[in-house]
file entry28.csv (CSV, N, CA and C atoms)
chain,number,residue,atom,x,y,z
A,1,MET,N,100.5,98.8,87.0
A,1,MET,CA,101.6,98.8,87.9
A,1,MET,C,101.7,97.4,88.5
A,2,SER,N,102.9,96.9,88.5
A,2,SER,CA,103.2,95.5,89.0
A,2,SER,C,103.0,95.4,90.5
A,3,ILE,N,102.8,94.2,91.0
A,3,ILE,CA,102.6,94.0,92.4
A,3,ILE,C,103.9,94.4,93.2
A,4,THR,N,105.0,94.1,92.6
A,4,THR,CA,106.3,94.5,93.3
A,4,THR,C,106.4,96.0,93.4
A,5,ALA,N,106.1,96.7,92.3
A,5,ALA,CA,106.1,98.2,92.4
A,5,ALA,C,105.1,98.7,93.4
A,6,LYS,N,104.0,98.1,93.5
A,6,LYS,CA,103.0,98.6,94.5
A,6,LYS,C,103.5,98.4,95.9
A,7,LYS,N,104.1,97.2,96.1
A,7,LYS,CA,104.6,97.0,97.5
A,7,LYS,C,105.8,97.9,97.8
A,8,VAL,N,106.6,98.2,96.8
A,8,VAL,CA,107.7,99.1,97.1
A,8,VAL,C,107.2,100.5,97.4
A,9,TYR,N,106.2,100.9,96.7
A,9,TYR,CA,105.5,102.2,96.9
A,9,TYR,C,104.9,102.3,98.3
A,10,ILE,N,104.1,101.2,98.6
A,10,ILE,CA,103.5,101.2,99.9
A,10,ILE,C,104.5,101.1,101.1
A,11,SER,N,105.6,100.4,100.9
A,11,SER,CA,106.6,100.3,101.9
A,11,SER,C,107.3,101.7,102.1
A,12,ALA,N,107.5,102.4,101.0
A,12,ALA,CA,108.2,103.7,101.1
A,12,ALA,C,107.2,104.7,101.9
A,13,LEU,N,105.9,104.6,101.5
A,13,LEU,CA,105.0,105.5,102.2
A,13,LEU,C,104.9,105.1,103.7
A,14,ALA,N,104.9,103.8,104.0
A,14,ALA,CA,104.8,103.4,105.4
A,14,ALA,C,106.1,103.9,106.2
A,15,PHE,N,107.2,103.8,105.6
A,15,PHE,CA,108.5,104.2,106.2
A,15,PHE,C,108.4,105.7,106.5
A,16,ILE,N,108.0,106.5,105.5
A,16,ILE,CA,107.9,107.9,105.7
A,16,ILE,C,106.9,108.3,106.8
A,17,GLU,N,105.8,107.6,106.8
A,17,GLU,CA,104.7,107.9,107.8
A,17,GLU,C,105.2,107.5,109.2
A,18,MET,N,105.9,106.4,109.3
A,18,MET,CA,106.4,106.0,110.6
A,18,MET,C,107.5,107.0,111.1
A,19,MET,N,108.4,107.4,110.3
A,19,MET,CA,109.4,108.3,110.7
A,19,MET,C,108.8,109.6,111.1
A,20,LEU,N,107.9,110.1,110.4
A,20,LEU,CA,107.2,111.4,110.8
A,20,LEU,C,106.5,111.2,112.1
A,21,THR,N,105.8,110.1,112.2
A,21,THR,CA,105.0,109.9,113.5
A,21,THR,C,106.0,109.9,114.7
A,22,PHE,N,107.1,109.1,114.6
A,22,PHE,CA,108.0,109.0,115.7
A,22,PHE,C,108.7,110.3,115.9
A,23,TYR,N,109.0,111.0,114.8
A,23,TYR,CA,109.7,112.3,115.0
A,23,TYR,C,108.8,113.3,115.7
A,24,TYR,N,107.5,113.4,115.4
A,24,TYR,CA,106.7,114.4,116.0
A,24,TYR,C,106.1,114.0,117.3
A,25,ILE,N,106.0,112.8,117.6
A,25,ILE,CA,105.4,112.3,118.9
A,25,ILE,C,106.4,111.9,119.9
A,26,PHE,N,107.4,111.0,119.5
A,26,PHE,CA,108.2,110.4,120.4
A,26,PHE,C,109.7,110.8,120.4
A,27,TRP,N,110.1,111.7,119.5
A,27,TRP,CA,111.5,112.0,119.3
A,27,TRP,C,112.2,112.5,120.5
A,28,LEU,N,113.3,111.9,120.9
A,28,LEU,CA,114.1,112.4,122.0
A,28,LEU,C,115.2,113.2,121.5
A,29,PRO,N,115.3,114.5,121.9
A,29,PRO,CA,116.4,115.3,121.4
A,29,PRO,C,117.8,114.9,121.8
A,30,GLY,N,118.7,114.9,120.9
A,30,GLY,CA,120.1,114.6,121.2
A,30,GLY,C,120.5,113.1,121.3
A,31,SER,N,119.6,112.2,121.0
A,31,SER,CA,119.9,110.8,121.1
A,31,SER,C,119.4,110.1,119.8
A,32,TRP,N,120.2,110.2,118.7
A,32,TRP,CA,119.8,109.5,117.5
A,32,TRP,C,119.8,108.0,117.7
A,33,LYS,N,120.7,107.4,118.4
A,33,LYS,CA,120.7,106.0,118.6
A,33,LYS,C,119.5,105.4,119.3
A,34,ILE,N,119.0,106.1,120.3
A,34,ILE,CA,117.8,105.7,121.0
A,34,ILE,C,116.6,105.8,120.1
A,35,ASN,N,116.5,106.9,119.3
A,35,ASN,CA,115.4,107.0,118.3
A,35,ASN,C,115.4,106.0,117.3
A,36,GLU,N,116.6,105.6,116.8
A,36,GLU,CA,116.7,104.5,115.8
A,36,GLU,C,116.2,103.2,116.4
A,37,VAL,N,116.6,102.9,117.6
A,37,VAL,CA,116.2,101.6,118.3
A,37,VAL,C,114.7,101.6,118.5
A,38,MET,N,114.1,102.7,118.7
A,38,MET,CA,112.7,102.8,118.9
A,38,MET,C,111.9,102.6,117.6
A,39,THR,N,112.4,103.2,116.5
A,39,THR,CA,111.7,103.2,115.2
A,39,THR,C,111.9,102.0,114.4
A,40,ILE,N,113.1,101.4,114.3
A,40,ILE,CA,113.5,100.3,113.4
A,40,ILE,C,112.5,99.1,113.6
A,41,PRO,N,112.2,98.6,114.8
A,41,PRO,CA,111.3,97.5,114.9
A,41,PRO,C,109.9,97.7,114.3
A,42,TYR,N,109.4,98.9,114.4
A,42,TYR,CA,108.1,99.2,113.8
A,42,TYR,C,108.2,99.2,112.3
A,43,VAL,N,109.3,99.7,111.7
A,43,VAL,CA,109.5,99.7,110.3
A,43,VAL,C,109.7,98.3,109.8
A,44,VAL,N,110.4,97.5,110.5
A,44,VAL,CA,110.6,96.1,110.0
A,44,VAL,C,109.3,95.3,110.0
A,45,ILE,N,108.5,95.5,111.1
A,45,ILE,CA,107.2,94.8,111.2
A,45,ILE,C,106.3,95.2,110.1
A,46,ALA,N,106.2,96.5,109.8
A,46,ALA,CA,105.4,97.0,108.8
A,46,ALA,C,105.8,96.5,107.4
A,47,ALA,N,107.1,96.5,107.1
A,47,ALA,CA,107.6,96.0,105.9
A,47,ALA,C,107.3,94.5,105.7
A,48,LEU,N,107.5,93.8,106.7
A,48,LEU,CA,107.2,92.3,106.6
A,48,LEU,C,105.7,92.1,106.4
A,49,GLY,N,104.9,92.9,107.0
A,49,GLY,CA,103.4,92.8,106.8
A,49,GLY,C,103.1,93.1,105.4
A,50,ILE,N,103.7,94.2,104.8
A,50,ILE,CA,103.4,94.6,103.5
A,50,ILE,C,103.9,93.5,102.5
A,51,TRP,N,105.1,93.0,102.7
A,51,TRP,CA,105.6,92.0,101.7
A,51,TRP,C,105.0,90.6,101.8
A,52,PHE,N,104.5,90.3,103.0
A,52,PHE,CA,103.8,88.9,103.1
A,52,PHE,C,102.4,88.9,102.8
A,53,TYR,N,101.7,90.1,102.7
A,53,TYR,CA,100.3,90.2,102.4
A,53,TYR,C,100.2,90.0,100.9
A,54,LYS,N,99.2,89.2,100.5
A,54,LYS,CA,99.0,88.9,99.1
A,54,LYS,C,98.0,89.9,98.5
A,55,LEU,N,98.5,90.7,97.6
A,55,LEU,CA,97.6,91.7,97.0
A,55,LEU,C,96.7,91.1,96.0
A,56,LYS,N,95.5,91.5,95.9
A,56,LYS,CA,94.6,91.0,94.9
A,56,LYS,C,94.7,91.9,93.6
A,57,THR,N,94.4,91.4,92.5
A,57,THR,CA,94.4,92.2,91.3
A,57,THR,C,93.2,93.1,91.3
A,58,ALA,N,93.3,94.1,90.6
A,58,ALA,CA,92.2,95.1,90.5
A,58,ALA,C,91.0,94.5,89.7
A,59,ILE,N,89.8,94.9,90.2
A,59,ILE,CA,88.6,94.4,89.5
A,59,ILE,C,88.1,95.6,88.6
A,60,VAL,N,88.0,95.4,87.4
A,60,VAL,CA,87.6,96.5,86.4
A,60,VAL,C,86.2,96.3,86.1
A,61,SER,N,85.4,97.3,86.4
A,61,SER,CA,83.9,97.2,86.1
A,61,SER,C,83.7,97.8,84.7
A,62,GLY,N,82.7,97.3,84.1
A,62,GLY,CA,82.4,97.8,82.7
A,62,GLY,C,81.2,97.0,82.2
A,63,PRO,N,80.8,97.2,81.0
A,63,PRO,CA,79.6,96.5,80.4
A,63,PRO,C,79.8,95.0,80.3
A,64,GLY,N,81.1,94.6,80.1
A,64,GLY,CA,81.3,93.1,80.0
A,64,GLY,C,81.3,92.4,81.3
A,65,ASN,N,81.4,93.1,82.4
A,65,ASN,CA,81.4,92.5,83.7
A,65,ASN,C,80.1,92.5,84.5
A,66,LEU,N,79.1,93.0,83.8
A,66,LEU,CA,77.8,93.1,84.5
A,66,LEU,C,77.0,91.7,84.3
A,67,SER,N,76.3,91.3,85.3
A,67,SER,CA,75.5,90.1,85.2
A,67,SER,C,74.0,90.5,85.3
A,68,ASN,N,73.2,89.7,84.8
A,68,ASN,CA,71.8,89.9,84.7
A,68,ASN,C,71.0,89.2,85.8
A,69,SER,N,71.7,88.9,86.9
A,69,SER,CA,71.0,88.1,88.0
A,69,SER,C,70.3,88.9,89.0

call {"tool": "encode", "arguments": {"input": "entry28.csv", "output": "structure tokens"}}
result
Amino acid sequence: MSITAKKVYISALAFIEMMLTFYYIFWLPGSWKINEVMTIPYVVIAALGIWFYKLKTAIVSGPGNLSNS
């Protein structure tokens, strides 16, 4: 899986998690605009954090990666 695909996947999961969290904990009935104003900054900050964080490549362990030290 490419790094871009991983970041898209993580961003989507973070978005869903934040929307569910705000829905179940902080949702104000009847005011979609206030709910958007409350949720959007958190989604933007999370997305920026995900896209600016440098992912490391996976380390594969196996007989060729063992050292005798």

call {"tool": "atom_distance", "arguments": {"input": "entry28.csv", "atom1": "atom N of Asn35 (chain A)", "atom2": "atom C of Met18 (chain A)"}}
result
12.2 Å

call {"tool": "atom_distance", "arguments": {"input": "entry28.csv", "atom1": "CA of Thr39 (chain A)", "atom2": "atom N of Ala5 (chain A)"}}
result
24.5 Å

call {"tool": "residues_around", "arguments": {"input": "entry28.csv", "residues": "region 40-48 of chain A", "least_positions_apart": "6", "cutoff": "7 Å", "atoms": "only N, CA and C atoms", "output": "MDAnalysis selection string"}}
result
chainID A and resid 11 14:15

call {"tool": "atom_distance", "arguments": {"input": "entry28.csv", "atom1": "atom N of Trp51 (chain A)", "atom2": "CA of Lys7 (chain A)"}}
result
6.6 Å
